[in-house]
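Colleague: First the structure, then my questions, so here it is.
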Protein chains: 2
Amino acid sequence: MHERTRAEWRATRQRAAVLRALHACDTFVSAQALHAALTADGVTVGLTTVYRTLRLLEASGHVDVVRDSDGERLYRPRPDDGHRHYVVCRECGLSLAVDSEEVERWVARIARDIGFHAVDHTVELTGVCARCRPASGGRRDQWSSQ
Amino acid sequence: MHERTRAEWRATRQRAAVLRALHACDTFVSAQALHAALTADGVTVGLTTVYRTLRLLEASGHVDVVRDSDGERLYRPRPDDGHRHYVVCRECGLSLAVDSEEVERWVARIARDIGFHAVDHTVELTGVCARCRPASGGRRDQWSSQ
DNA sequence: CAGCATAAGACAACGGTTTTCATTTGCGGT
DNA sequence: ACCGCAAATGAAAACCGTTGTCTTATGCTG
């Protein structure tokens, strides 16, 4: 179907660096944070290149993307075990993959029930992890659960 | 507890207009679209005011907010029956409220299981509604379901 | 090693949203 | 009814993340 006489991806120092930095992170990171981290490590990579690389990774399905409340894009390498939803701690950024089969099933049923096709779903969970839990343990009720 | 000698919200022509326009919409709308609609109706309201009003409504929980793929904020008055999740048609913008009890339960359980507190959830569904369904019915497989 | 398409990088442009600040205007007090 | 002030408005500028442009550099294939 598809001749492979031409490599679809050129191996460059910069892309390697972005990939390395991305995998070194244990939470979601923004393009800018990634760029800052690289710069701090003495690696010279243009911000534009970081953005471009992340977009490529996104398009090819190698990273998961969420949006934080400011509309900023946050990236994380996609694990190969199929998990694709996370709970992210609002305080420290700790993110855990969660089992989402139930949601997948729910989405599929909804789609069928209302006659929609090609239904795509975004599920983002944020909270406060056990470690960051405020001492008082009580006064945390302002979160508009949308 | 709280003296009401001072009104917390001043009634202005502009706010009334924004509220009216918002309720006149039957789908999610952006701040800019709302402003354009108002202007088209001959109502003079500054774009800044539209943004400000929407933010107030958001903060006070009177509207639901979603983000489209460009990061734009889309607003819709929150119905009082408790429904808070929607399926939005990518083609025509038609949006239907869906029953989300299952997801609410799922979220609550996840939160308990992993020890997170104050877990907030964002669930956004997009698809193609029956009316907009492409005639061929088949070639729609590029949607990265994240 | 040559040729060339792809990638990098600096910088400008873009678009949505928020801030600033001077001016106007509800609204409670008198 | 009128005053006075804090709150609200509006135009323009600032912001900020992201994307486009264009020139230069560099992998890769032949």
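Residues in the structure tokens are named by chain (A, B, ... in the order shown) and by number from 1 within that chain; ligands are numbered from 1 in the order shown.
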If you take only C-alpha atoms (C1' of nucleotides) and a cut-off of 12 Å, which residues of chain B touch chain C, and what are their nearest atom pairs and distances in Å to one decimal, in chain and number order, as a tab-separated table?
Modeller:
residue	atom	partner	partner_atom	distance
B:Arg4	CA	C:DG28	C1'	11.1
B:Thr5	CA	C:DG28	C1'	7.8
B:Arg6	CA	C:DG28	C1'	7.5
B:Ala7	CA	C:DC27	C1'	8.4
B:Glu8	CA	C:DC27	C1'	11.2
B:Trp9	CA	C:DG26	C1'	9.9
B:Arg10	CA	C:DG26	C1'	6.4
B:Ala11	CA	C:DG26	C1'	7.1
B:Thr12	CA	C:DG26	C1'	7.4
B:Arg13	CA	C:DG26	C1'	10.4
B:Gln14	CA	C:DT25	C1'	11.8
B:Ser30	CA	C:DG16	C1'	10.2
B:Ala31	CA	C:DG16	C1'	9.5
B:Gln32	CA	C:DG16	C1'	8.9
B:Leu47	CA	C:DT17	C1'	10.4
B:Thr48	CA	C:DT18	C1'	8.7
B:Thr49	CA	C:DT18	C1'	11.4
B:Val50	CA	C:DT17	C1'	11.3
B:Tyr51	CA	C:DT17	C1'	8.0
B:Arg52	CA	C:DT18	C1'	9.3
B:Leu54	CA	C:DT17	C1'	11.8
B:Arg55	CA	C:DT17	C1'	10.8
B:Arg67	CA	C:DG16	C1'	12.0
B:Asp70	CA	C:DG16	C1'	9.5
B:Gly71	CA	C:DG16	C1'	8.5
B:Glu72	CA	C:DG16	C1'	6.8
B:Arg73	CA	C:DG16	C1'	8.9
B:Leu74	CA	C:DG16	C1'	11.8
Colleague: Each residue of chain A lying at most 6 Å from chain B should get a row with its shortest atom-to-atom pair and the distance in Å to one decimal, counting only C-alpha atoms; could you produce that, ordered by chain and increasing number, as JSON lines?
Modeller:
{"residue": "A:Gly71", "atom": "CA", "partner": "B:Gly71", "partner_atom": "CA", "distance": 5.5}
{"residue": "A:Gly115", "atom": "CA", "partner": "B:Ala130", "partner_atom": "CA", "distance": 5.5}
{"residue": "A:Phe116", "atom": "CA", "partner": "B:Cys129", "partner_atom": "CA", "distance": 4.4}
{"residue": "A:His117", "atom": "CA", "partner": "B:Val128", "partner_atom": "CA", "distance": 5.0}
{"residue": "A:Ala118", "atom": "CA", "partner": "B:Gly127", "partner_atom": "CA", "distance": 5.2}
{"residue": "A:Val119", "atom": "CA", "partner": "B:Gly127", "partner_atom": "CA", "distance": 4.0}
{"residue": "A:Asp120", "atom": "CA", "partner": "B:Ser145", "partner_atom": "CA", "distance": 5.0}
{"residue": "A:His121", "atom": "CA", "partner": "B:Leu125", "partner_atom": "CA", "distance": 4.5}
{"residue": "A:Thr122", "atom": "CA", "partner": "B:Glu124", "partner_atom": "CA", "distance": 5.0}
{"residue": "A:Val123", "atom": "CA", "partner": "B:Val123", "partner_atom": "CA", "distance": 4.6}
{"residue": "A:Glu124", "atom": "CA", "partner": "B:Thr122", "partner_atom": "CA", "distance": 5.0}
{"residue": "A:Leu125", "atom": "CA", "partner": "B:His121", "partner_atom": "CA", "distance": 4.5}
{"residue": "A:Thr126", "atom": "CA", "partner": "B:Asp120", "partner_atom": "CA", "distance": 5.2}
{"residue": "A:Gly127", "atom": "CA", "partner": "B:Val119", "partner_atom": "CA", "distance": 4.0}
{"residue": "A:Val128", "atom": "CA", "partner": "B:His117", "partner_atom": "CA", "distance": 5.0}
{"residue": "A:Cys129", "atom": "CA", "partner": "B:Phe116", "partner_atom": "CA", "distance": 4.4}
{"residue": "A:Ala130", "atom": "CA", "partner": "B:Gly115", "partner_atom": "CA", "distance": 5.5}
{"residue": "A:Ser145", "atom": "CA", "partner": "B:Asp120", "partner_atom": "CA", "distance": 5.1}
{"residue": "A:Gln146", "atom": "CA", "partner": "B:Thr122", "partner_atom": "CA", "distance": 5.7}
Colleague: Rank B:Leu22, B:Leu38, B:Cys92, B:Ala16 by their smallest atom-to-atom distance to Pro77 of chain B, using only C-alpha atoms, and report the top residue only.
Modeller: B:Leu22
Colleague: Residues within 12 Å of Cys25 of chain B, please, as a ChimeraX atom specification. Count only C-alpha atoms (C1' of nucleotides); anything in the same chain fewer than 6 positions from it doesn't count.
Modeller: /B:18-19,33-34,37-38,74-77,93-95
Colleague: Give me, as CSV, each residue of chain D that comes within 8 Å of chain A, together with its shortest interatomic pair and the distance in Å at one decimal, counting only C-alpha atoms (C1' of nucleotides), with rows ordered by chain and rising residue number.
Modeller:
residue,atom,partner,partner_atom,distance
D:DG17,C1',A:Glu72,CA,6.8
D:DG27,C1',A:Arg10,CA,6.6
D:DT29,C1',A:Arg6,CA,7.9
Colleague: Run DSSP on the backbone and tell me which residues of chain B come out as strand (DSSP E); list them as a PyMOL selection string.
Modeller: chain B and resi 29-30+63-67+73-77+86-89+95-97+117-128
Colleague: Can I get the selected residues back with C-alpha atoms, as a short mmCIF file (atom, residue, chain, number, x, y, z; two decimals), in the first residue's frame?
Modeller:
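Dumped everything to part-v8.cif:
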data_model
loop_
_atom_site.label_atom_id
_atom_site.label_comp_id
_atom_site.auth_asym_id
_atom_site.auth_seq_id
_atom_site.Cartn_x
_atom_site.Cartn_y
_atom_site.Cartn_z
CA VAL B 29 -22.05 29.77 22.25
CA SER B 30 -18.79 31.58 22.51
CA VAL B 63 -23.69 28.46 33.15
CA ASP B 64 -21.90 25.36 32.00
CA VAL B 65 -18.68 25.82 30.14
CA VAL B 66 -16.94 23.57 27.68
CA ARG B 67 -13.93 24.14 25.54
CA ARG B 73 -14.79 28.73 25.82
CA LEU B 74 -18.40 27.90 25.00
CA TYR B 75 -21.21 28.80 27.36
CA ARG B 76 -24.70 27.54 27.96
CA PRO B 77 -27.16 28.35 30.71
CA TYR B 86 -23.85 17.13 26.82
CA VAL B 87 -23.27 15.54 23.49
CA VAL B 88 -22.47 18.16 20.93
CA CYS B 89 -22.70 17.60 17.19
CA SER B 95 -26.36 19.65 21.82
CA LEU B 96 -28.30 17.18 23.89
CA ALA B 97 -28.17 16.75 27.61
CA HIS B 117 -10.54 14.42 47.48
CA ALA B 118 -12.73 17.06 45.93
CA VAL B 119 -12.62 15.29 42.61
CA ASP B 120 -14.01 17.37 39.82
CA HIS B 121 -14.86 15.88 36.47
CA THR B 122 -15.13 17.19 32.97
CA VAL B 123 -16.89 14.98 30.50
CA GLU B 124 -17.32 16.20 26.99
CA LEU B 125 -18.86 14.20 24.22
CA THR B 126 -18.81 15.16 20.59
CA GLY B 127 -20.11 13.27 17.63
CA VAL B 128 -22.14 13.59 14.50
#
Colleague: So what do you get for atom CA of Arg15 of chain B versus atom CA of Val45 of chain B, distance-wise?
Modeller: 8.9 Å
Colleague: May I ask for the distance between atom C1' of DC15 of chain D and atom CA of Phe28 of chain A, given in Å to one decimal place?
Modeller: 23.6 Å
Colleague: DSSP on the backbone, alpha helix (DSSP H) only: what residues of chain B does that give? Format it as a PyMOL selection string.
Modeller: chain B and resi 13-24+31-40+47-59+101-114
